[in-house]
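As provided, run-v3.txt (compact mmCIF, C-alpha atoms) reads as follows.
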# COMPACT_ATOMS: atom_id res chain seq x y z
CA MET U 285 27.37 -1.45 -28.09
CA ALA U 286 26.72 -0.35 -24.52
CA LYS U 287 24.98 -2.93 -22.37
CA ILE U 288 22.49 -3.16 -19.54
CA VAL U 289 24.39 -5.41 -17.18
CA ALA U 290 22.13 -5.48 -14.12
CA ALA U 291 18.47 -4.64 -13.48
CA LEU U 292 16.86 -4.62 -10.07
CA GLY U 293 13.65 -3.48 -8.46
CA MET U 294 13.61 -2.75 -4.76
CA SER U 295 11.48 -1.28 -2.00
CA HIS U 296 13.16 1.70 -0.42
CA LEU U 297 12.13 2.00 3.19
CA LEU U 298 14.24 1.29 6.27
CA LEU U 299 12.33 2.03 9.44
CA ASN U 300 12.68 1.46 13.11
CA ALA U 301 9.20 0.30 14.07
CA ASP U 302 8.03 -2.96 15.57
CA GLU U 303 9.56 -5.31 13.04
CA THR U 304 10.90 -8.63 14.23
CA GLU U 305 14.59 -9.41 14.08
CA SER U 306 13.87 -11.92 11.32
CA GLU U 307 12.03 -9.29 9.24
CA ARG U 308 14.77 -6.75 9.80
CA ARG U 309 17.42 -9.26 8.79
CA SER U 310 15.49 -10.25 5.68
CA VAL U 311 15.24 -6.62 4.50
CA PHE U 312 18.84 -5.84 5.34
CA ASP U 313 20.22 -8.95 3.65
CA GLY U 314 17.93 -8.45 0.67
CA ASN U 315 19.16 -4.90 0.18
CA LYS U 316 22.75 -6.05 0.56
CA GLU U 317 22.18 -8.60 -2.17
CA VAL U 318 20.73 -5.92 -4.45
CA GLY U 319 23.93 -3.98 -3.95
CA GLU U 320 26.08 -7.03 -4.59
CA CYS U 321 24.21 -7.76 -7.85
CA VAL U 322 24.99 -4.23 -9.02
CA ARG U 323 28.66 -4.34 -8.05
CA ARG U 324 29.18 -7.84 -9.48
CA ALA U 325 28.09 -6.49 -12.87
CA LYS U 326 30.89 -3.89 -12.71
CA PRO U 327 28.83 -1.04 -14.12
CA ASP U 328 30.30 2.23 -15.36
CA VAL U 329 27.08 4.01 -14.52
CA LEU U 330 24.07 3.34 -12.30
CA LEU U 331 20.66 4.53 -13.51
CA ILE U 332 18.13 4.84 -10.69
CA ILE U 333 14.47 5.35 -11.53
CA ALA U 334 12.44 6.63 -8.59
CA GLY U 335 10.22 9.40 -7.30
CA ASP U 336 10.50 12.17 -4.78
CA HIS U 337 8.43 12.39 -1.60
CA LYS U 338 7.77 16.13 -1.97
CA PHE U 339 11.11 17.15 -0.50
CA ASN U 340 11.82 18.92 -3.79
CA ASP U 341 9.95 20.85 -6.42
CA THR U 342 10.90 18.64 -9.32
CA PRO U 343 9.07 18.40 -12.61
CA GLY U 344 6.75 15.42 -12.88
CA ARG U 345 9.25 13.57 -15.06
CA GLY U 346 12.90 14.48 -15.30
CA VAL U 347 16.52 13.48 -15.10
CA ALA U 348 19.14 15.03 -12.83
CA THR U 349 21.89 16.55 -14.96
CA ALA U 350 24.31 18.12 -12.48
CA ASP U 351 27.82 16.97 -11.53
CA THR U 352 27.05 16.19 -7.91
CA TYR U 353 24.09 15.79 -5.60
CA THR U 354 23.68 15.95 -1.85
CA PRO U 355 20.88 13.90 -0.24
CA CYS U 356 18.33 15.78 1.83
CA GLY U 357 19.02 13.47 4.77
CA ASP U 358 15.49 12.25 5.44
CA LEU U 359 15.20 9.16 7.65
CA GLY U 360 18.68 9.95 8.88
CA ASN U 361 20.32 9.24 5.54
CA PRO U 362 23.95 10.34 5.40
CA GLN U 363 24.28 13.60 3.48
CA THR U 364 27.41 12.61 1.64
CA PRO U 365 27.53 14.16 -1.84
CA TYR U 366 27.79 11.77 -4.78
CA LYS U 367 28.56 12.23 -8.42
CA GLY U 368 26.08 12.35 -11.25
CA HIS U 369 26.78 11.76 -14.93
CA PRO U 370 25.79 14.96 -16.74
CA GLU U 371 26.68 13.73 -20.21
CA PHE U 372 24.65 10.51 -19.92
CA ALA U 373 21.77 12.38 -18.30
CA SER U 374 21.57 15.13 -20.91
CA GLN U 375 21.78 12.69 -23.81
CA LEU U 376 19.09 10.54 -22.19
CA ILE U 377 16.75 13.54 -21.94
CA ASP U 378 17.34 14.45 -25.59
CA TYR U 379 16.87 10.92 -26.89
CA CYS U 380 13.78 10.19 -24.83
CA GLY U 381 12.26 13.55 -25.77
CA ASP U 382 12.80 12.85 -29.46
CA ASN U 383 11.04 9.54 -29.03
CA GLY U 384 7.92 10.56 -27.14
CA PHE U 385 9.11 10.26 -23.54
CA ALA U 386 9.42 13.87 -22.41
CA LEU U 387 11.82 14.44 -19.52
CA GLU U 388 13.00 17.74 -18.07
CA ALA U 389 16.46 18.52 -16.74
CA ILE U 390 16.76 18.69 -12.95
CA ASP U 391 19.55 20.89 -11.63
CA GLU U 392 21.91 20.65 -8.67
CA SER U 393 19.37 22.11 -6.24
CA PHE U 394 17.69 18.69 -6.23
CA ARG U 395 18.27 17.02 -2.86
CA PRO U 396 17.56 13.32 -3.33
CA ASP U 397 15.52 11.62 -0.62
CA HIS U 398 15.46 8.00 0.49
CA SER U 399 14.13 6.90 -2.91
CA PHE U 400 17.64 7.40 -4.22
CA SER U 401 19.86 7.37 -1.19
CA ILE U 402 18.83 3.92 0.04
CA PRO U 403 19.61 2.16 -3.27
CA ILE U 404 22.86 4.13 -3.49
CA MET U 405 23.75 3.23 0.07
CA PHE U 406 23.69 -0.47 -0.80
CA ALA U 407 24.83 -0.39 -4.44
CA THR U 408 27.69 2.06 -4.24
CA PRO U 409 28.19 3.03 -0.62
CA ASN U 410 31.57 4.58 -1.27
CA HIS U 411 30.13 6.45 -4.25
CA SER U 412 32.50 4.93 -6.75
CA ILE U 413 29.84 4.57 -9.46
CA PRO U 414 28.35 7.73 -11.04
CA VAL U 415 24.58 7.85 -10.70
CA VAL U 416 21.96 9.01 -13.19
CA GLN U 417 18.70 9.81 -11.42
CA MET U 418 15.45 9.61 -13.34
CA VAL U 419 12.64 11.15 -11.32
CA ILE U 420 9.01 10.32 -12.03
CA LEU U 421 6.58 11.61 -9.43
CA VAL U 422 3.73 9.37 -8.35
CA ASP U 423 1.42 12.27 -9.22
CA ASP U 424 2.53 11.96 -12.82
CA VAL U 425 3.21 8.27 -13.31
CA PRO U 426 2.53 6.90 -16.77
CA GLN U 427 0.13 4.00 -17.05
CA PRO U 428 1.88 0.64 -16.55
CA SER U 429 1.90 -0.16 -20.28
CA GLU U 430 3.33 3.28 -21.09
CA SER U 431 6.01 2.84 -18.45
CA TYR U 432 6.98 -0.48 -19.96
CA ALA U 433 7.19 1.11 -23.41
CA TYR U 434 9.34 3.93 -22.03
CA GLY U 435 11.77 1.29 -20.83
CA ASP U 436 12.26 0.23 -24.43
CA ILE U 437 13.18 3.82 -25.36
CA VAL U 438 15.75 3.95 -22.56
CA ARG U 439 17.20 0.60 -23.68
CA GLU U 440 17.48 1.86 -27.27
CA PHE U 441 19.27 4.95 -26.06
CA ILE U 442 21.80 2.89 -24.11
CA GLU U 443 22.41 0.36 -26.84
CA LYS U 444 22.56 2.77 -29.77
CA HIS U 445 23.90 5.99 -28.36
CA ARG U 446 26.19 5.25 -25.47
CA PRO U 447 29.86 4.43 -25.97
CA LYS U 448 30.80 0.90 -26.96
CA ASP U 449 31.50 -1.30 -23.94
CA GLU U 450 29.82 1.03 -21.45
CA ARG U 451 28.13 -1.03 -18.75
CA VAL U 452 24.87 0.28 -17.29
CA ALA U 453 23.12 -1.01 -14.17
CA VAL U 454 19.56 0.05 -13.39
CA ILE U 455 17.64 0.08 -10.14
CA ALA U 456 13.91 0.78 -9.96
CA SER U 457 13.26 2.10 -6.47
CA GLY U 458 9.79 1.93 -4.90
CA GLY U 459 6.77 -0.31 -4.23
CA LEU U 460 5.37 -2.75 -3.24
CA SER U 461 1.85 -2.39 -1.75
CA HIS U 462 1.58 0.47 0.72
CA TRP U 463 -0.84 3.18 1.64
CA VAL U 464 0.91 6.45 2.41
CA PHE U 465 -1.21 8.79 4.49
CA ILE U 466 -4.42 7.94 2.70
CA GLU U 467 -7.37 5.80 3.67
CA ASP U 468 -6.33 3.25 6.21
CA PRO U 469 -6.56 -0.12 4.55
CA LEU U 470 -7.27 -1.73 7.88
CA LEU U 471 -10.50 0.20 8.01
CA GLU U 472 -11.50 0.73 4.44
CA PHE U 473 -9.72 -1.87 2.36
CA GLU U 474 -10.85 -5.44 2.40
CA PRO U 475 -7.63 -7.29 3.16
CA ASP U 476 -6.85 -10.63 1.65
CA PRO U 477 -8.37 -13.18 4.08
CA ASN U 478 -5.27 -15.33 3.66
CA ALA U 479 -2.82 -12.52 4.30
CA THR U 480 -0.93 -12.63 7.54
CA SER U 481 0.01 -8.96 7.44
CA PRO U 482 -2.76 -6.39 7.69
CA GLY U 483 -2.12 -3.20 5.77
CA VAL U 484 -0.20 -5.06 3.11
CA ASN U 485 -1.77 -6.70 0.08
CA GLU U 486 0.39 -9.77 0.12
CA THR U 487 -1.47 -11.49 -2.71
CA PHE U 488 -0.89 -8.48 -4.94
CA ASP U 489 2.78 -8.28 -4.02
CA ARG U 490 3.40 -11.95 -4.66
CA GLU U 491 1.68 -11.74 -8.03
CA VAL U 492 3.91 -8.81 -9.02
CA LEU U 493 7.04 -10.70 -8.03
CA SER U 494 5.90 -13.90 -9.71
CA ARG U 495 5.08 -12.19 -13.01
CA PHE U 496 8.42 -10.37 -12.98
CA GLU U 497 10.17 -13.67 -12.31
CA GLU U 498 8.41 -15.23 -15.29
CA GLY U 499 9.29 -12.37 -17.60
CA ASP U 500 5.58 -11.77 -18.04
CA VAL U 501 5.69 -8.04 -17.36
CA LYS U 502 4.46 -6.78 -20.73
CA ARG U 503 1.16 -8.63 -20.28
CA LEU U 504 0.96 -7.62 -16.64
CA ALA U 505 1.42 -3.97 -17.58
CA ALA U 506 -1.32 -4.27 -20.18
CA GLU U 507 -3.70 -5.81 -17.64
CA TRP U 508 -3.39 -3.08 -15.03
CA THR U 509 -4.17 0.61 -14.84
CA ASN U 510 -2.90 3.05 -12.26
CA ASP U 511 -6.42 3.28 -10.80
CA GLN U 512 -6.36 -0.45 -10.20
CA LEU U 513 -2.92 -0.28 -8.60
CA LEU U 514 -4.14 2.50 -6.35
CA GLU U 515 -7.25 0.61 -5.34
CA GLN U 516 -5.60 -2.74 -4.77
CA ALA U 517 -2.26 -1.74 -3.36
CA GLY U 518 -2.30 1.92 -2.33
CA ASN U 519 -0.62 5.07 -3.59
CA GLY U 520 2.79 3.60 -2.77
CA ALA U 521 2.19 0.88 -5.36
CA LEU U 522 2.16 3.56 -8.07
CA GLU U 523 5.93 3.46 -7.60
CA LEU U 524 5.81 0.17 -9.48
CA CYS U 525 5.89 2.42 -12.54
CA TYR U 526 9.66 2.40 -12.04
CA TRP U 527 9.73 -1.38 -12.04
CA PHE U 528 7.77 -1.39 -15.31
CA VAL U 529 10.25 1.01 -16.94
CA MET U 530 13.11 -1.18 -15.74
CA ALA U 531 11.47 -4.37 -17.03
CA GLY U 532 10.79 -2.68 -20.36
CA MET U 533 14.53 -2.20 -20.71
CA LEU U 534 14.98 -6.00 -20.71
CA PRO U 535 11.80 -7.20 -22.37
CA GLU U 536 10.67 -10.71 -21.47
CA ASN U 537 13.84 -11.47 -19.54
CA LYS U 538 13.16 -13.69 -16.57
CA GLY U 539 14.16 -12.87 -13.05
CA ARG U 540 14.24 -13.98 -9.43
CA THR U 541 12.86 -12.66 -6.19
CA ILE U 542 15.68 -11.63 -3.89
CA TYR U 543 13.44 -11.33 -0.85
CA TYR U 544 9.90 -10.54 0.18
CA GLU U 545 8.46 -9.52 3.55
CA PRO U 546 4.83 -8.51 4.06
CA LEU U 547 5.98 -6.09 6.70
CA SER U 548 2.86 -4.84 8.40
CA ALA U 549 4.87 -3.19 11.17
CA TRP U 550 6.10 -0.76 8.52
CA GLY U 551 2.80 -0.71 6.66
CA THR U 552 4.33 -1.94 3.43
CA GLY U 553 5.22 -4.95 1.40
CA MET U 554 9.01 -5.00 1.19
CA GLY U 555 10.77 -6.83 -1.60
CA ALA U 556 13.37 -6.86 -4.30
CA ILE U 557 13.66 -8.51 -7.70
CA GLU U 558 16.50 -9.09 -10.11
CA ILE U 559 15.79 -9.24 -13.84
CA PHE U 560 18.52 -11.28 -15.46
CA ALA U 561 20.54 -9.20 -17.87
CA ASP U 562 21.88 -10.75 -21.06
CA ALA U 563 25.40 -9.51 -20.45
CA MET R 49 -8.06 38.63 3.01
CA ALA R 50 -9.15 35.06 3.52
CA ASN R 51 -6.56 32.38 3.15
CA THR R 52 -7.65 30.59 0.03
CA ASP R 53 -4.30 29.01 -0.76
CA LYS R 54 -4.88 25.33 -0.11
CA SER R 55 -1.19 24.55 -0.24
CA ARG R 56 -0.15 27.01 2.48
CA LEU R 57 -0.08 24.39 5.24
CA GLN R 58 1.89 22.15 2.91
CA GLN R 59 4.42 24.90 2.26
CA PHE R 60 4.73 25.56 5.98
CA ILE R 61 5.41 21.90 6.73
CA ARG R 62 7.99 21.61 3.97
CA ASP R 63 9.76 24.81 5.01
CA LEU R 64 9.78 23.70 8.62
CA TYR R 65 11.35 20.40 7.68
CA GLU R 66 13.98 21.97 5.46
CA GLN R 67 14.92 25.16 7.27
CA GLU R 68 16.86 24.82 10.49
CA GLU R 69 16.30 28.46 11.42
CA LEU R 70 12.54 27.95 11.22
CA ARG R 71 12.76 24.81 13.33
CA ASN R 72 14.80 26.65 15.95
CA ARG R 73 12.15 29.34 16.14
CA TRP R 74 9.48 26.65 16.39
CA ARG R 75 11.30 25.11 19.35
CA SER R 76 12.09 28.35 21.11
CA ASP R 77 9.00 30.45 20.43
CA GLY R 78 6.27 27.92 19.68
CA THR R 79 4.06 27.89 16.65
CA GLU R 80 1.78 30.93 16.88
CA ALA R 81 4.14 33.51 15.38
CA LEU R 82 5.04 31.10 12.58
CA PHE R 83 1.38 30.35 11.93
CA ASP R 84 0.77 34.09 11.62
CA GLU R 85 3.67 34.49 9.18
CA TYR R 86 2.27 31.79 6.96
CA GLN R 87 -1.26 33.16 7.40
CA LEU R 88 -2.63 29.80 8.37
CA SER R 89 -6.34 29.56 9.11
CA ASP R 90 -7.62 28.17 12.39
CA GLU R 91 -8.39 24.90 10.64
CA GLU R 92 -4.85 24.68 9.27
CA ARG R 93 -3.36 25.49 12.67
CA GLN R 94 -5.38 22.71 14.27
CA ALA R 95 -4.48 20.35 11.46
CA PHE R 96 -0.78 21.02 11.99
CA GLU R 97 -1.08 19.96 15.62
CA LYS R 98 -3.55 17.12 15.17
CA ILE R 99 -2.23 15.09 12.29
CA ASP R 100 -5.04 13.38 10.46
CA TRP R 101 -4.97 12.23 6.85
CA ARG R 102 -8.58 13.18 6.15
CA THR R 103 -8.11 16.77 7.26
CA TYR R 104 -4.85 17.04 5.38
CA ARG R 105 -6.50 15.70 2.25
CA ASP R 106 -9.32 18.23 2.56
CA LEU R 107 -6.77 21.04 3.03
CA GLY R 108 -4.91 20.02 -0.12
CA VAL R 109 -1.84 18.65 1.62
CA HIS R 110 -0.08 15.95 -0.37
CA PRO R 111 -0.01 12.59 1.45
CA PHE R 112 3.80 12.54 1.34
CA VAL R 113 3.90 15.94 3.04
CA GLY R 114 1.60 14.51 5.71
CA VAL R 115 4.32 11.96 6.37
CA ILE R 116 6.94 14.72 6.55
CA ARG R 117 4.83 16.39 9.25
CA TRP R 118 4.56 13.14 11.14
CA VAL R 119 8.29 12.55 10.90
CA MET R 120 8.73 15.75 12.93
CA THR R 121 6.81 14.33 15.89
CA GLU R 122 8.60 12.39 18.61
CA ASP R 123 6.91 9.13 17.55
CA GLY R 124 7.73 9.84 13.93
CA LYS R 125 11.37 10.56 14.65
CA LYS R 126 11.65 7.27 16.48
CA ILE R 127 10.07 5.18 13.73
CA TYR R 128 11.33 7.05 10.67
CA SER R 129 14.92 6.35 11.50
CA MET R 130 17.46 4.14 9.78
CA GLU R 131 19.66 4.08 12.84
CA ASN R 132 19.62 0.29 13.30
CA PHE R 133 20.50 -0.35 9.69
CA LEU R 134 23.06 2.38 9.27
CA SER R 135 25.32 1.39 12.12
CA GLU R 136 25.57 -2.23 10.95
CA TRP R 137 25.94 -1.30 7.30
CA GLN R 138 28.58 1.34 7.86
CA THR R 139 30.63 -1.13 9.87
CA GLN R 140 30.49 -3.63 7.02
CA VAL R 141 31.29 -1.06 4.35
CA LYS R 142 34.37 0.19 6.19
CA SER R 143 35.98 -3.23 5.90
CA LYS R 144 35.52 -3.39 2.11
CA THR R 145 37.75 -1.83 -0.46
CA ASP R 146 35.72 -2.60 -3.58
CA TYR R 147 32.47 -0.86 -2.60

Show me, as structure tokens, the structure contained in the file I just sent.
Amino acid sequence: MAKIVAALGMSHLLLNADETESERRSVFDGNKEVGECVRRAKPDVLLIIAGDHKFNDTPGRGVATADTYTPCGDLGNPQTPYKGHPEFASQLIDYCGDNGFALEAIDESFRPDHSFSIPIMFATPNHSIPVVQMVILVDDVPQPSESYAYGDIVREFIEKHRPKDERVAVIASGGLSHWVFIEDPLLEFEPDPNATSPGVNETFDREVLSRFEEGDVKRLAAEWTNDQLLEQAGNGALELCYWFVMAGMLPENKGRTIYYEPLSAWGTGMGAIEIFADA
Amino acid sequence: MANTDKSRLQQFIRDLYEQEELRNRWRSDGTEALFDEYQLSDEERQAFEKIDWRTYRDLGVHPFVGVIRWVMTEDGKKIYSMENFLSEWQTQVKSKTDY
């Protein structure tokens, strides 16, 4: 039976604003550790679940099925092509579609943005691991409980339909709280009085990380709606959909926070989590 | 014919970001001829220059595309850059054989 050997959620911004050296180091080291967790698991394939920041005209929910992809180069990302896994991707679309999680094929014209290229940069910088890219746009994110349930479908696909001994790592790329070009939370959102970082809902972020650590994601997903995520943590927090899918692939497994920075200089909570795989 | 396509400014911003030829014309000739080509209204032309999330929202521009527009400003280019991270990371990666 194929196995999920590593599962990680990570924020995917790297900016050059007014962060302190300590904050910069925390993000950099945290991302490095995400990459090391992936490589330590020696995966045959890396599944990344993320969105697209309107650099492409992708369907709302899809999987990239081509042989290779070239990043669009936003934020100065290197535009080095990397390999996909067409067979895995096509089978995943078929299986998910047959089980109520409709995904469309995305062809080679897709130019991945930082949602994909930043996780890839740290997990497989020399592009030795083929990458399957699942794209779910924030405009079309399932409700948290649906996302979690979709994770179970993806897990079933891997365990029942992929070759014996295949090792699959998954990264959910996005989150935590951030408001992207919408109402300024400093003006119109009532920040947590205990938060030290305006523009970031630190209480929300820490609750997310804590519940993921405890393996309490199914209940968390049932408690929240996308409207609540949007209200409490901004449109960027809708990217937590990817974290819910990832957690649904390893139901009730516990995890650990790799790092967290309420990085107001970047206008976002930055963090990463590892869900312990059974393998 | 009035410009009733609310996504026209969005398309202009995306094309400008993606197409080098368009960016070269923007730099060399300014924006007016490009605005005409895309049939942008006066409001859209002003919105392109004065980046404001409320106006963009009202004009039907996706928030992420608003960020793409901002990334093309001098301030945006400076902040939306991974330069500091990339140089350190690429140095570390070069010394590894198992990455």

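Minimum atom-to-atom distances from R:Leu82, R:Ala95, R:Leu107, R:Ile127 to chain U were compared using only C-alpha atoms, and the lowest value belongs to R:Ile127.
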
Original post:
Residues at most 8 Å from range 65-74 of chain R, counting all atoms listed in the file, excluding those fewer than 6 positions away in the same chain, as a list in words?
Top reply: Leu82, Ile116, Arg117 and Met120 of chain R

Given all atoms listed in the file, how would the per-residue table for chain U near chain R read, listing every residue at most 10 Å away with its closest atom pair and distance in Å to one decimal, sorted by chain and number, as JSON lines?
{"residue": "U:Leu297", "atom": "CA", "partner": "R:Met130", "partner_atom": "CA", "distance": 8.7}
{"residue": "U:Leu298", "atom": "CA", "partner": "R:Met130", "partner_atom": "CA", "distance": 5.6}
{"residue": "U:Leu299", "atom": "CA", "partner": "R:Tyr128", "partner_atom": "CA", "distance": 5.3}
{"residue": "U:Asn300", "atom": "CA", "partner": "R:Ile127", "partner_atom": "CA", "distance": 4.6}
{"residue": "U:Ala301", "atom": "CA", "partner": "R:Ile127", "partner_atom": "CA", "distance": 5.0}
{"residue": "U:Asp302", "atom": "CA", "partner": "R:Ile127", "partner_atom": "CA", "distance": 8.6}
{"residue": "U:Arg308", "atom": "CA", "partner": "R:Phe133", "partner_atom": "CA", "distance": 8.6}
{"residue": "U:Arg309", "atom": "CA", "partner": "R:Phe133", "partner_atom": "CA", "distance": 9.5}
{"residue": "U:Val311", "atom": "CA", "partner": "R:Phe133", "partner_atom": "CA", "distance": 9.7}
{"residue": "U:Phe312", "atom": "CA", "partner": "R:Phe133", "partner_atom": "CA", "distance": 7.2}
{"residue": "U:Lys316", "atom": "CA", "partner": "R:Trp137", "partner_atom": "CA", "distance": 8.8}
{"residue": "U:Gly319", "atom": "CA", "partner": "R:Tyr147", "partner_atom": "CA", "distance": 9.2}
{"residue": "U:Glu320", "atom": "CA", "partner": "R:Tyr147", "partner_atom": "CA", "distance": 9.1}
{"residue": "U:Arg323", "atom": "CA", "partner": "R:Tyr147", "partner_atom": "CA", "distance": 7.5}
{"residue": "U:Asp336", "atom": "CA", "partner": "R:Phe112", "partner_atom": "CA", "distance": 9.1}
{"residue": "U:His337", "atom": "CA", "partner": "R:Phe112", "partner_atom": "CA", "distance": 5.5}
{"residue": "U:Lys338", "atom": "CA", "partner": "R:Phe112", "partner_atom": "CA", "distance": 6.3}
{"residue": "U:Phe339", "atom": "CA", "partner": "R:Arg62", "partner_atom": "CA", "distance": 7.0}
{"residue": "U:Asn340", "atom": "CA", "partner": "R:Arg62", "partner_atom": "CA", "distance": 9.1}
{"residue": "U:Cys356", "atom": "CA", "partner": "R:Glu66", "partner_atom": "CA", "distance": 8.4}
{"residue": "U:Gly357", "atom": "CA", "partner": "R:Glu66", "partner_atom": "CA", "distance": 9.9}
{"residue": "U:Asp358", "atom": "CA", "partner": "R:Tyr128", "partner_atom": "CA", "distance": 8.5}
{"residue": "U:Leu359", "atom": "CA", "partner": "R:Ser129", "partner_atom": "CA", "distance": 4.8}
{"residue": "U:Gly360", "atom": "CA", "partner": "R:Ser129", "partner_atom": "CA", "distance": 5.8}
{"residue": "U:Asn361", "atom": "CA", "partner": "R:Met130", "partner_atom": "CA", "distance": 7.2}
{"residue": "U:Pro362", "atom": "CA", "partner": "R:Leu134", "partner_atom": "CA", "distance": 8.9}
{"residue": "U:Ile402", "atom": "CA", "partner": "R:Met130", "partner_atom": "CA", "distance": 9.8}
{"residue": "U:Met405", "atom": "CA", "partner": "R:Trp137", "partner_atom": "CA", "distance": 8.8}
{"residue": "U:Phe406", "atom": "CA", "partner": "R:Trp137", "partner_atom": "CA", "distance": 8.4}
{"residue": "U:Ala407", "atom": "CA", "partner": "R:Tyr147", "partner_atom": "CA", "distance": 7.9}
{"residue": "U:Thr408", "atom": "CA", "partner": "R:Tyr147", "partner_atom": "CA", "distance": 5.8}
{"residue": "U:Pro409", "atom": "CA", "partner": "R:Tyr147", "partner_atom": "CA", "distance": 6.1}
{"residue": "U:Asn410", "atom": "CA", "partner": "R:Tyr147", "partner_atom": "CA", "distance": 5.7}
{"residue": "U:His411", "atom": "CA", "partner": "R:Tyr147", "partner_atom": "CA", "distance": 7.9}
{"residue": "U:Ser412", "atom": "CA", "partner": "R:Tyr147", "partner_atom": "CA", "distance": 7.1}
{"residue": "U:Ile413", "atom": "CA", "partner": "R:Tyr147", "partner_atom": "CA", "distance": 9.1}
{"residue": "U:Asp423", "atom": "CA", "partner": "R:His110", "partner_atom": "CA", "distance": 9.7}
{"residue": "U:Trp463", "atom": "CA", "partner": "R:Pro111", "partner_atom": "CA", "distance": 9.4}
{"residue": "U:Val464", "atom": "CA", "partner": "R:Pro111", "partner_atom": "CA", "distance": 6.3}
{"residue": "U:Phe465", "atom": "CA", "partner": "R:Pro111", "partner_atom": "CA", "distance": 5.0}
{"residue": "U:Ile466", "atom": "CA", "partner": "R:Trp101", "partner_atom": "CA", "distance": 6.0}
{"residue": "U:Glu467", "atom": "CA", "partner": "R:Trp101", "partner_atom": "CA", "distance": 7.6}
{"residue": "U:Asp468", "atom": "CA", "partner": "R:Trp101", "partner_atom": "CA", "distance": 9.1}
{"residue": "U:Asn519", "atom": "CA", "partner": "R:Pro111", "partner_atom": "CA", "distance": 9.1}
{"residue": "U:Gly520", "atom": "CA", "partner": "R:Phe112", "partner_atom": "CA", "distance": 9.9}
{"residue": "U:Trp550", "atom": "CA", "partner": "R:Ile127", "partner_atom": "CA", "distance": 8.8}

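Contact shell of Ala561 in chain U at 9 Å (only C-alpha atoms; same-chain neighbours under 5 positions omitted): Lys287, Ile288, Val289, Ala290, Ala291, Leu534, Asn537, Lys538 and Gly539 of chain U.
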
Subject >> Å distance separating CA of Met554 in chain U from CA of Leu64 in chain R, one decimal place >> reply: 29.7 Å

Subject >> All residues 10 Å or closer to range 523-527 of chain U, only C-alpha atoms, same chain fewer than 3 positions away omitted, as a ChimeraX atom specification >> reply: /U:291-295,332-335,418-422,425-432,435,455-462,492,496,501,505,510,513,518-520,530-533,557

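For the pair CA of Lys367 in chain U and CA of Thr352 in chain U, the separation is 4.3 Å.
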
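Here CA of Thr354 in chain U stands at a distance of 10.3 Å from CA of Gly368 in chain U.
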
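Nearest to Arg495 in chain U of all the residues U:Asp328, U:Asp341, U:Glu536, U:Asp511 is U:Glu536, counting all atoms listed in the file.
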
Subject >> Test item: residues at most 8 Å from Arg56 in chain R, all atoms listed in the file, excluding those fewer than 6 positions along its chain, as an NGL selection string >> reply: :R and (86-88)

**OP:** Give as a PyMOL selection string the set of residues within 6 Å of the point (30.9, -3.1, -29.1), where distances use the file's coordinates and only C-alpha atoms.
**Re:** chain U and resi 285+448-449

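The nearest approach to Lys444 in chain U among the residues U:Asn315, U:Ala521, U:Ala286, U:Tyr544, with all atoms listed in the file taken into account, belongs to U:Ala286.
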
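Residues in contact range of Glu85 in chain R, defined as at most 12 Å between only C-alpha atoms, with sequence neighbours fewer than 4 positions away removed, read R:Arg56, R:Leu57, R:Gln59, R:Phe60, R:Leu70, R:Thr79, R:Glu80, R:Ala81, R:Ser89, R:Arg93.
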
Box dimensions and centre (Å, one decimal) enclosing range 548-560 of chain U, axis-aligned, 5 Å extra per side, as AutoDock Vina command-line options:
--center_x 10.7 --center_y -6.0 --center_z -2.1 --size_x 25.7 --size_y 20.6 --size_z 36.6

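Distances from U:Ser393, U:Glu558, U:Thr342, U:Glu545 to Ser306 in chain U were compared using all atoms listed in the file, and the smallest one belongs to U:Glu545.
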
Subject >> Among the residues U:Asp489, U:Asp436, U:Glu303, U:Asp397, the one that comes closest to Phe385 in chain U [using all atoms listed in the file] >> reply: U:Asp436
